[in-house]
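First comes the structure, then the notes that go with it.
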Amino acid sequence: MAILEVNNVHLSFGGLQVLHDVSFSVNSGEIYAIIGPNGAGKTSILNCLGGFYHQQKGQIDFNGIDISHLTPDRRASLGLARTFQNIALFRGMTVLDNIKLGSHAHLKTGLLDAALYWGRAHREEMELREEIEKDIIDFLEIEHIRKQPVSTLAYGLQKRVELARALAMQPKILLMDEPVAGMNAEETEDMVRFILDIQEERDLTIIIIEHDMRMIMDISDRIMVLNFGQKIAEGNPQEVQQHPEVLKAYLGTDKRGQS
Amino acid sequence: MDFFLLLLTSGIAVGGIYALIALGFVLIYKATSIINFATGEFMMIGAYIFYSCSVLLGLPAIPSFIVVMAGAGLLGLLVEKTILRHMLGQPTISIVMVTIGLSSIMMGLAEMIWSSDYKSFPALFPRAPIIVGDLIIRSNLFWGFVVAMGTVGIFALIFKYAKVGVAMRATAGDQLAAFSMGINVRSMFTLAWIFGSIAASIGGLIIGNIGGVQPNLGSIGLKIFPVVILGGLDSIGGAVLGGFIVGIIENLAGGYLDPLVGGGVKNVAPFVILVLILMVRPYGLFGRKEIERL
Amino acid sequence: MRIGDFKESYATDEAVFTTSTSRFWLGVLFLILALFPFMVGDYLLYMANITGIAIVAALGLNILTGAAGQISLGHAAFVGIGAYTSAILSNRFGMPFLICLPLAGLASAFFGVLVGAPSMRMKGLYLCITTLAAQVIFEFFFVHWESLTGGIRGLNIAPAKIFGLNIGTEFGFYWVTLTVVIIAATVSRNIFRTRVGRAFIAIRDRDISAELMGINLFRYKLYAFAVSSFLAGIAGCLWVNHLKSITPEHFPLHESIRFLAMIIVGGLGNILGAIYGAIFMTLIPEILQAILKFFEEIFPQAMSFLFPLQTVVFGFLIVVFLVFEPHGLAEMWVRVKSYFRLWPFKH
């Protein structure tokens, strides 16, 4: 069953066409990968899904609801979470606070509750802490750094904290923009393990962008290939690997192609 | 009608001076992305240097003027090298506050050196008012306008044609690209401060010549903000146009509304206009919205 | 010396004062604050009062500018609105101090939200300049709406009473200031223990990803403006009831800058920092005055340098902290503490 349907999305900035008539649908519970050369428009798709960019044409349905005109924060509270290519943690906060921030939309504390920190606000914070410790911090093995400011962490750990923050959003779809880029082999292995565990245990749909082809071919259920803002292929890993258009885009038989 | 023309001409004259001061501000902002809240104080220091040379040392106007230019350039260089260099890439609040701190230092030092009394310049221009038809324009205002426009023109020529001007424009457009073209970006920053300081000090001379010098002469520098917001922070042409708009509006508003509310309209009107404009166009009349990236 | 620090529940881990040592020192602090007014004269009580008022205002600005990252050059105007509201309510309607206090806060919060509304569409420098415009425009109204504000001569009010007790003296007012400071600091701290405070910091650090995390940017920016100007209004009410008079000259742009300087010198976004900064920036001019008084014997004109010297030192402190100690006094204090924690066993 499709949890997300993207129909005929066009996106351009000034005269620059970034996405051209892109359509795809993602089934509930699958790992759906988007690959393509640099500048193919992969991150732009995530930005359209998250609501940071607004497509000029086309529609995005999430669980049967058209979300095309919702603000990013509304989309987030509906269950779209995101990790970023260039880490976008809140540098002024500790790991724990970053993760707690992910739960924002699920909490109820208002301004007055917060000022008093009495009854509901206090109870809510304590429950949140317990939940996060159990479901996220233990799960991602980051107990040792929970009180550290994120800016002091190693790159690989920061990426993991980003994942933790996204999980705290209790998403239905997790959008991951290059989760293993720049990681060493060991860190990559950990991250892959977490991604697979998340999919299995949490009934989550994952949309992933990645350049690490071996990893993508290993974990994805289906893959879409983009080139110059257009979808050129879609299918399971074997199909995509043998697709002539894909070979052309990646191996550079096209004179503009990139390796 | 006469009253209107009178307000309009003095508005244009004052606007030209604002344009020059705003030019100094925009030069620095374009190159370094630093908002110079001390622009007014750079003006004040320029005016005091001129006062010291011409009155205290008895130098004639031209040598005094040259000393002012040299002094202002040196001040800009010093400030950039010692303080603002450290602020590149810092959050807006730090950059805003460091120049505010700087303005406080300059104001205090000026009062220590020159005391808080009014100082006036020797007469630089013929005192006779300029008369065009029915219009009478105060000579200091008229000549101030001429000098301001001349300076703006010279700066415009430098930017358009001189090699260093082109390099500065390139740096403002795209630092990384300029750097890779072999332009020394750092020295462009310094140069921007030198030029900005010189432009401000000439503005200070004109204002000092009209109304005398006091340590709080720089408070007129606040007017720059309506001017540059109107014109867009990164546009030199916009700054000049913004200067005229603000000059004219504040004179008209002051002339017609002051009697109704008991004064002070001149100072508040530009800010009211500023708020109205920002409500309609959050990036100013000529400013461009920056495309944000994740 | 403090060694291991074990916690048995998340609630104790989330408490503000986590160790018995810190609770002990907090107790000592309260004891000193309670004994202070019995040990000193009116001048020091006056200093304590104006410092306390500055702390309340600085705590407010710290939420807006320090934590939520929205620069305000108009904080003094909001203090002014609180002060005028309080004076007008008590003069015209005979309202008691305890009613004026929250109303002054609410009046300022209302205008704060109004000024903050453009933050929906603009940010950074453009918003900063909008607040500058607000400062200039409010100042204009303070001066020119004479029927309401008394123009440049301002307003005078009668000494305030709480339940018939006169708090018009420095001694009486000390208790009011102290109570308000403690409440304001607690409220500030509370906000940062919840999602509201986290949202503020997220907006400051990365507004775009904050929005993608489900934070309604506009609502939370308005919250920040509201809380910040509410505290400013409270500070204004204290101010006018302490001085018993106000004029527009009390709330110029320079005063807004002074509040900004407090939170920068103290440490942006840090509650203790705002408190340290307010104390420090209030005491510095007095210390300079004392130093010049001392030199007057040798150098008779020393006092004429007081004002410019204060101006220079004020600017110098801002620049030096920004360049060399951007995390402010709060960070310096943490370093000093951690140095002495293991002292004398340094290695």
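Chain lettering (A, B, ...) mirrors the order of the structure tokens, residue numbering begins at 1 for each chain separately, and ligand numbering begins at 1 in order of display.
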
Practice prompt. Up to 9 Å from chain C, what residues of chain B turn up? Count only C-alpha atoms and give them as a VMD selection string.
Written response: chain B and resid 35 83 to 84 86 to 87 92 to 112 115 225 to 226 229 261 to 265 267 to 272 274 to 275 278 to 279 282 to 284 292 to 294

Selection from above, C-alpha atoms, as a short mmCIF file (atom, residue, chain, number, x, y, z; two decimals), in the first residue's frame, can you write it?
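Everything below was put into again13.cif:
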data_model
loop_
_atom_site.label_atom_id
_atom_site.label_comp_id
_atom_site.auth_asym_id
_atom_site.auth_seq_id
_atom_site.Cartn_x
_atom_site.Cartn_y
_atom_site.Cartn_z
CA ILE B 35 26.69 46.33 9.61
CA ILE B 83 38.79 44.17 15.72
CA LEU B 84 36.58 43.35 12.78
CA HIS B 86 38.04 38.61 14.30
CA MET B 87 34.34 38.95 13.67
CA THR B 92 24.73 38.91 13.46
CA ILE B 93 24.29 39.90 17.09
CA SER B 94 28.05 39.86 17.67
CA ILE B 95 28.75 41.89 14.56
CA VAL B 96 26.07 44.43 15.41
CA MET B 97 27.26 44.76 18.98
CA VAL B 98 30.95 45.00 18.20
CA THR B 99 30.38 48.06 16.03
CA ILE B 100 28.07 49.52 18.68
CA GLY B 101 30.83 48.99 21.23
CA LEU B 102 33.25 50.64 18.87
CA SER B 103 30.98 53.64 18.49
CA SER B 104 30.81 54.00 22.26
CA ILE B 105 34.60 53.94 22.53
CA MET B 106 34.99 56.55 19.80
CA MET B 107 32.37 58.80 21.35
CA GLY B 108 33.94 58.63 24.80
CA LEU B 109 37.43 59.23 23.49
CA ALA B 110 36.25 62.21 21.44
CA GLU B 111 34.72 63.76 24.51
CA MET B 112 37.93 63.21 26.47
CA SER B 115 35.37 68.02 25.43
CA PHE B 225 19.18 52.59 8.60
CA PRO B 226 16.00 53.89 7.02
CA ILE B 229 16.72 49.59 4.16
CA VAL B 261 2.51 67.48 17.41
CA GLY B 262 5.14 69.75 18.87
CA GLY B 263 8.31 68.78 17.03
CA GLY B 264 10.43 65.71 16.59
CA VAL B 265 8.68 64.44 13.45
CA ASN B 267 13.58 62.13 13.39
CA VAL B 268 10.75 59.68 13.65
CA ALA B 269 9.24 59.94 10.15
CA PRO B 270 12.00 57.98 8.36
CA PHE B 271 11.52 55.13 10.82
CA VAL B 272 7.77 55.08 10.33
CA LEU B 274 10.87 52.15 7.17
CA VAL B 275 8.41 50.03 9.11
CA LEU B 278 9.39 46.48 5.48
CA MET B 279 5.84 45.29 6.04
CA PRO B 282 10.66 42.53 3.94
CA TYR B 283 13.96 42.95 2.09
CA GLY B 284 13.68 46.65 1.31
CA GLU B 292 18.47 29.89 1.52
CA ARG B 293 19.96 26.45 1.37
CA LEU B 294 19.85 23.60 3.76
#

Response to the item:
Residue with the minimum atom-to-atom distance to chain C, picked from A:Thr152, A:Asn63, A:Asn184, A:Thr94 with only C-alpha atoms counted, is A:Thr94

Exercise answer, chain A residues close to chain C, 6 Å and only C-alpha atoms, as a short mmCIF file (atom, residue, chain, number, x, y, z; two decimals) with N, CA and C atoms, in the first residue's frame:
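Saved result, selection04.cif, follows:
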data_model
loop_
_atom_site.label_atom_id
_atom_site.label_comp_id
_atom_site.auth_asym_id
_atom_site.auth_seq_id
_atom_site.Cartn_x
_atom_site.Cartn_y
_atom_site.Cartn_z
N PRO A 72 6.19 23.33 6.65
CA PRO A 72 7.08 22.26 7.09
C PRO A 72 6.71 21.72 8.47
N ASP A 73 6.35 22.62 9.39
CA ASP A 73 6.09 22.12 10.74
C ASP A 73 4.83 21.26 10.79
N ALA A 76 5.81 17.90 9.49
CA ALA A 76 6.57 17.17 10.50
C ALA A 76 5.63 16.53 11.51
N SER A 77 4.62 17.27 11.93
CA SER A 77 3.75 16.70 12.96
C SER A 77 2.85 15.60 12.39
N PHE A 90 21.33 21.25 16.44
CA PHE A 90 21.31 22.55 17.09
C PHE A 90 22.53 22.63 17.99
N GLY A 102 13.23 16.81 18.98
CA GLY A 102 12.52 16.05 17.95
C GLY A 102 11.09 15.75 18.35
N ALA A 105 6.54 18.20 18.45
CA ALA A 105 5.15 18.20 17.99
C ALA A 105 4.26 17.27 18.80
N ALA A 114 5.02 26.04 30.78
CA ALA A 114 6.48 26.06 30.79
C ALA A 114 7.00 27.00 31.86
N ALA A 115 6.39 28.19 31.96
CA ALA A 115 6.86 29.17 32.94
C ALA A 115 6.71 28.63 34.36
N TYR A 117 6.30 25.26 35.17
CA TYR A 117 6.95 23.96 35.27
C TYR A 117 6.38 23.18 36.44
#

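With CA of Phe142 in chain C on one side and CA of Tyr84 in chain C on the other, the separation reads 8.5 Å.
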
Worksheet item: Running DSSP on the backbone, which parts of range 68-247 of chain A land in alpha helix (DSSP H), as number ranges by chain?
Response: A: 72-78, 95-102, 111-116, 120-132, 155-168, 185-202, 213-219, 237-242, 244-247

Check: which chain A residues lie within 12 Å of chain B using only C-alpha atoms, as a short mmCIF file (atom, residue, chain, number, x, y, z; two decimals) with C-alpha atoms, in the first residue's frame:
data_model
loop_
_atom_site.label_atom_id
_atom_site.label_comp_id
_atom_site.auth_asym_id
_atom_site.auth_seq_id
_atom_site.Cartn_x
_atom_site.Cartn_y
_atom_site.Cartn_z
CA PHE A 13 14.40 28.35 -9.48
CA GLY A 14 14.24 31.23 -11.90
CA THR A 43 17.92 16.57 -2.16
CA SER A 44 15.42 18.86 -3.87
CA LEU A 46 13.38 15.67 -0.03
CA ASN A 47 13.04 19.44 0.31
CA GLY A 50 9.49 18.30 3.78
CA PHE A 52 11.15 23.66 2.52
CA TYR A 53 10.76 24.01 -1.26
CA ARG A 82 14.32 14.16 8.10
CA THR A 83 18.06 13.82 8.54
CA PHE A 84 20.36 16.11 6.64
CA GLN A 85 23.28 15.78 4.30
CA ASN A 86 25.21 18.50 6.08
CA ILE A 87 24.52 17.84 9.70
CA ALA A 88 21.87 20.22 10.96
CA LEU A 89 21.96 19.68 14.71
CA ASP A 177 19.85 12.50 3.08
#

Worksheet item: Any idea what's packed within 8 Å of Val240 in chain A, counting only C-alpha atoms, ignoring anything in its chain fewer than 4 positions away? Could you give it as a PyMOL selection string?
Response: chain A and resi 223-225+233-236+246

Worksheet item: Gly211 in chain B: which residues within 9 Å, counting only C-alpha atoms, same-chain residues fewer than 5 positions away excluded, as a ChimeraX atom specification?
Response: /B:120-121,206

Create the file for the chosen residues now, containing C-alpha atoms and written as a PDB file, in the first residue's frame.
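Output (part_10.pdb):
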ATOM      1  CA  SER B 120      32.452  75.242  14.833  1.00  0.00           C
ATOM      2  CA  PHE B 121      34.489  75.301  11.633  1.00  0.00           C
ATOM      3  CA  ILE B 206      29.738  68.462   5.691  1.00  0.00           C
TER       4      ILE B 206
END

Discussion item. List as a PyMOL selection string the protein and nucleic acid residues near Gly36 in chain A, meaning an atom at most 10 Å away when only C-alpha atoms are counted, but skip any in the same chain fewer than 6 places from it.
Written reply: chain A and resi 42+209-211+224-232+246+249-250+258

Worksheet item: For Ile131 in chain B, which of B:Ala156, B:Met188, B:Leu233, B:Leu6 is the closest residue, counting only C-alpha atoms?
Response: B:Leu6

Discussion item. Going by DSSP on the backbone, which residues of range 7-238 of chain A come out as strand (DSSP E)? List them as JSON, numbers by chain.
Written reply: {"A": [7, 8, 9, 10, 11, 12, 13, 16, 17, 18, 19, 20, 21, 22, 23, 24, 25, 26, 27, 31, 32, 33, 34, 35, 57, 58, 59, 60, 61, 62, 65, 66, 80, 81, 82, 83, 173, 174, 175, 176, 177, 205, 206, 207, 208, 209, 222, 223, 224, 225, 226, 227, 230, 231, 232, 233, 234, 235]}

Create the file for the chosen residues now, containing C-alpha atoms and written as a PDB file, in the first residue's frame.
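part-v1.pdb written:
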ATOM      1  CA  ASN A   7       2.643  13.025  -8.853  1.00  0.00           C
ATOM      2  CA  ASN A   8       4.176  15.058 -11.689  1.00  0.00           C
ATOM      3  CA  VAL A   9       6.271  17.365  -9.527  1.00  0.00           C
ATOM      4  CA  HIS A  10       7.973  20.278 -11.275  1.00  0.00           C
ATOM      5  CA  LEU A  11      10.398  22.528  -9.431  1.00  0.00           C
ATOM      6  CA  SER A  12      12.456  25.378 -10.821  1.00  0.00           C
ATOM      7  CA  PHE A  13      14.395  28.350  -9.478  1.00  0.00           C
ATOM      8  CA  LEU A  16      16.783  26.632 -13.664  1.00  0.00           C
ATOM      9  CA  GLN A  17      14.692  23.490 -13.948  1.00  0.00           C
ATOM     10  CA  VAL A  18      15.539  21.324 -10.916  1.00  0.00           C
ATOM     11  CA  LEU A  19      12.828  18.671 -11.041  1.00  0.00           C
ATOM     12  CA  HIS A  20      10.952  17.817 -14.178  1.00  0.00           C
ATOM     13  CA  ASP A  21       7.738  15.849 -13.986  1.00  0.00           C
ATOM     14  CA  VAL A  22       8.864  13.499 -11.236  1.00  0.00           C
ATOM     15  CA  SER A  23       6.369  10.884 -10.069  1.00  0.00           C
ATOM     16  CA  PHE A  24       6.837   7.961  -7.750  1.00  0.00           C
ATOM     17  CA  SER A  25       5.086   6.189  -4.954  1.00  0.00           C
ATOM     18  CA  VAL A  26       6.507   4.630  -1.826  1.00  0.00           C
ATOM     19  CA  ASN A  27       4.967   1.610  -0.137  1.00  0.00           C
ATOM     20  CA  ILE A  31      13.229   1.229   2.102  1.00  0.00           C
ATOM     21  CA  TYR A  32      13.048   3.352  -0.993  1.00  0.00           C
ATOM     22  CA  ALA A  33      16.281   4.785  -2.325  1.00  0.00           C
ATOM     23  CA  ILE A  34      16.792   7.761  -4.599  1.00  0.00           C
ATOM     24  CA  ILE A  35      20.102   7.789  -6.443  1.00  0.00           C
ATOM     25  CA  LYS A  57       3.328  21.895 -10.330  1.00  0.00           C
ATOM     26  CA  GLY A  58       2.347  18.483  -9.071  1.00  0.00           C
ATOM     27  CA  GLN A  59       0.954  17.015  -5.929  1.00  0.00           C
ATOM     28  CA  ILE A  60       2.282  15.123  -2.928  1.00  0.00           C
ATOM     29  CA  ASP A  61      -0.088  12.798  -1.087  1.00  0.00           C
ATOM     30  CA  PHE A  62       0.850  11.439   2.307  1.00  0.00           C
ATOM     31  CA  ILE A  65      -3.907  13.531   2.175  1.00  0.00           C
ATOM     32  CA  ASP A  66      -2.576  16.226  -0.143  1.00  0.00           C
ATOM     33  CA  LEU A  80       7.604  13.222   8.103  1.00  0.00           C
ATOM     34  CA  ALA A  81      11.047  13.285   9.697  1.00  0.00           C
ATOM     35  CA  ARG A  82      14.321  14.162   8.099  1.00  0.00           C
ATOM     36  CA  THR A  83      18.060  13.818   8.537  1.00  0.00           C
ATOM     37  CA  ILE A 173       8.314   8.227   6.961  1.00  0.00           C
ATOM     38  CA  LEU A 174      11.969   8.883   7.603  1.00  0.00           C
ATOM     39  CA  LEU A 175      13.791  10.894   4.963  1.00  0.00           C
ATOM     40  CA  MET A 176      17.529  10.319   5.130  1.00  0.00           C
ATOM     41  CA  ASP A 177      19.855  12.501   3.079  1.00  0.00           C
ATOM     42  CA  THR A 205       9.007   3.712   5.795  1.00  0.00           C
ATOM     43  CA  ILE A 206      12.436   5.004   4.870  1.00  0.00           C
ATOM     44  CA  ILE A 207      13.350   7.134   1.888  1.00  0.00           C
ATOM     45  CA  ILE A 208      17.080   7.328   1.515  1.00  0.00           C
ATOM     46  CA  ILE A 209      19.517   9.245  -0.671  1.00  0.00           C
ATOM     47  CA  ARG A 222      13.261  -0.311  -4.494  1.00  0.00           C
ATOM     48  CA  ILE A 223      15.369   2.353  -6.124  1.00  0.00           C
ATOM     49  CA  MET A 224      14.580   5.396  -8.233  1.00  0.00           C
ATOM     50  CA  VAL A 225      17.291   6.893 -10.412  1.00  0.00           C
ATOM     51  CA  LEU A 226      17.287  10.595 -11.184  1.00  0.00           C
ATOM     52  CA  ASN A 227      19.334  12.424 -13.765  1.00  0.00           C
ATOM     53  CA  GLN A 230      14.136  13.544 -14.370  1.00  0.00           C
ATOM     54  CA  LYS A 231      13.314  10.064 -13.289  1.00  0.00           C
ATOM     55  CA  ILE A 232      15.163   7.703 -15.619  1.00  0.00           C
ATOM     56  CA  ALA A 233      14.570   4.369 -13.943  1.00  0.00           C
ATOM     57  CA  GLU A 234      12.841   2.674 -11.050  1.00  0.00           C
ATOM     58  CA  GLY A 235      12.829  -0.890  -9.765  1.00  0.00           C
TER      59      GLY A 235
END

Give me, as CSV, each residue of range 154-247 of chain C that comes within 10 Å of range 33-51 of chain C, together with its shortest interatomic pair and the distance in Å at one decimal, counting only C-alpha atoms, with rows ordered by chain and rising residue number.
residue,atom,partner,partner_atom,distance
C:Thr169,CA,C:Asp42,CA,8.8
C:Glu170,CA,C:Leu45,CA,5.8
C:Phe171,CA,C:Pro37,CA,6.4
C:Gly172,CA,C:Pro37,CA,9.3
C:Phe173,CA,C:Asn49,CA,7.3
C:Tyr174,CA,C:Asn49,CA,5.8
C:Trp175,CA,C:Ala34,CA,8.7
C:Val176,CA,C:Asn49,CA,9.0
C:Thr177,CA,C:Asn49,CA,6.2
C:Leu178,CA,C:Asn49,CA,8.1
C:Val181,CA,C:Thr51,CA,9.9
C:Ala235,CA,C:Ile50,CA,9.8
C:Leu238,CA,C:Asn49,CA,9.0
C:Trp239,CA,C:Ile50,CA,7.7
C:His242,CA,C:Asn49,CA,7.8
C:Leu243,CA,C:Ile50,CA,9.4

Would you save the residues from that selection as a compact mmCIF listing (two decimals), in the first residue's frame, using C-alpha atoms?
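Final output, saved to selection.txt:
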# COMPACT_ATOMS: atom_id res chain seq x y z
CA THR C 169 11.85 53.07 51.03
CA GLU C 170 15.00 51.45 49.68
CA PHE C 171 14.71 48.87 52.44
CA GLY C 172 11.08 48.08 51.74
CA PHE C 173 11.60 47.95 48.01
CA TYR C 174 14.55 45.61 48.36
CA TRP C 175 12.20 42.78 49.31
CA VAL C 176 9.99 43.47 46.34
CA THR C 177 12.92 43.52 43.93
CA LEU C 178 14.43 40.38 45.44
CA VAL C 181 14.18 38.65 40.61
CA ALA C 235 11.13 45.68 35.19
CA LEU C 238 9.63 48.15 39.39
CA TRP C 239 11.65 51.00 37.93
CA HIS C 242 11.50 52.59 42.80
CA LEU C 243 12.39 56.02 41.39
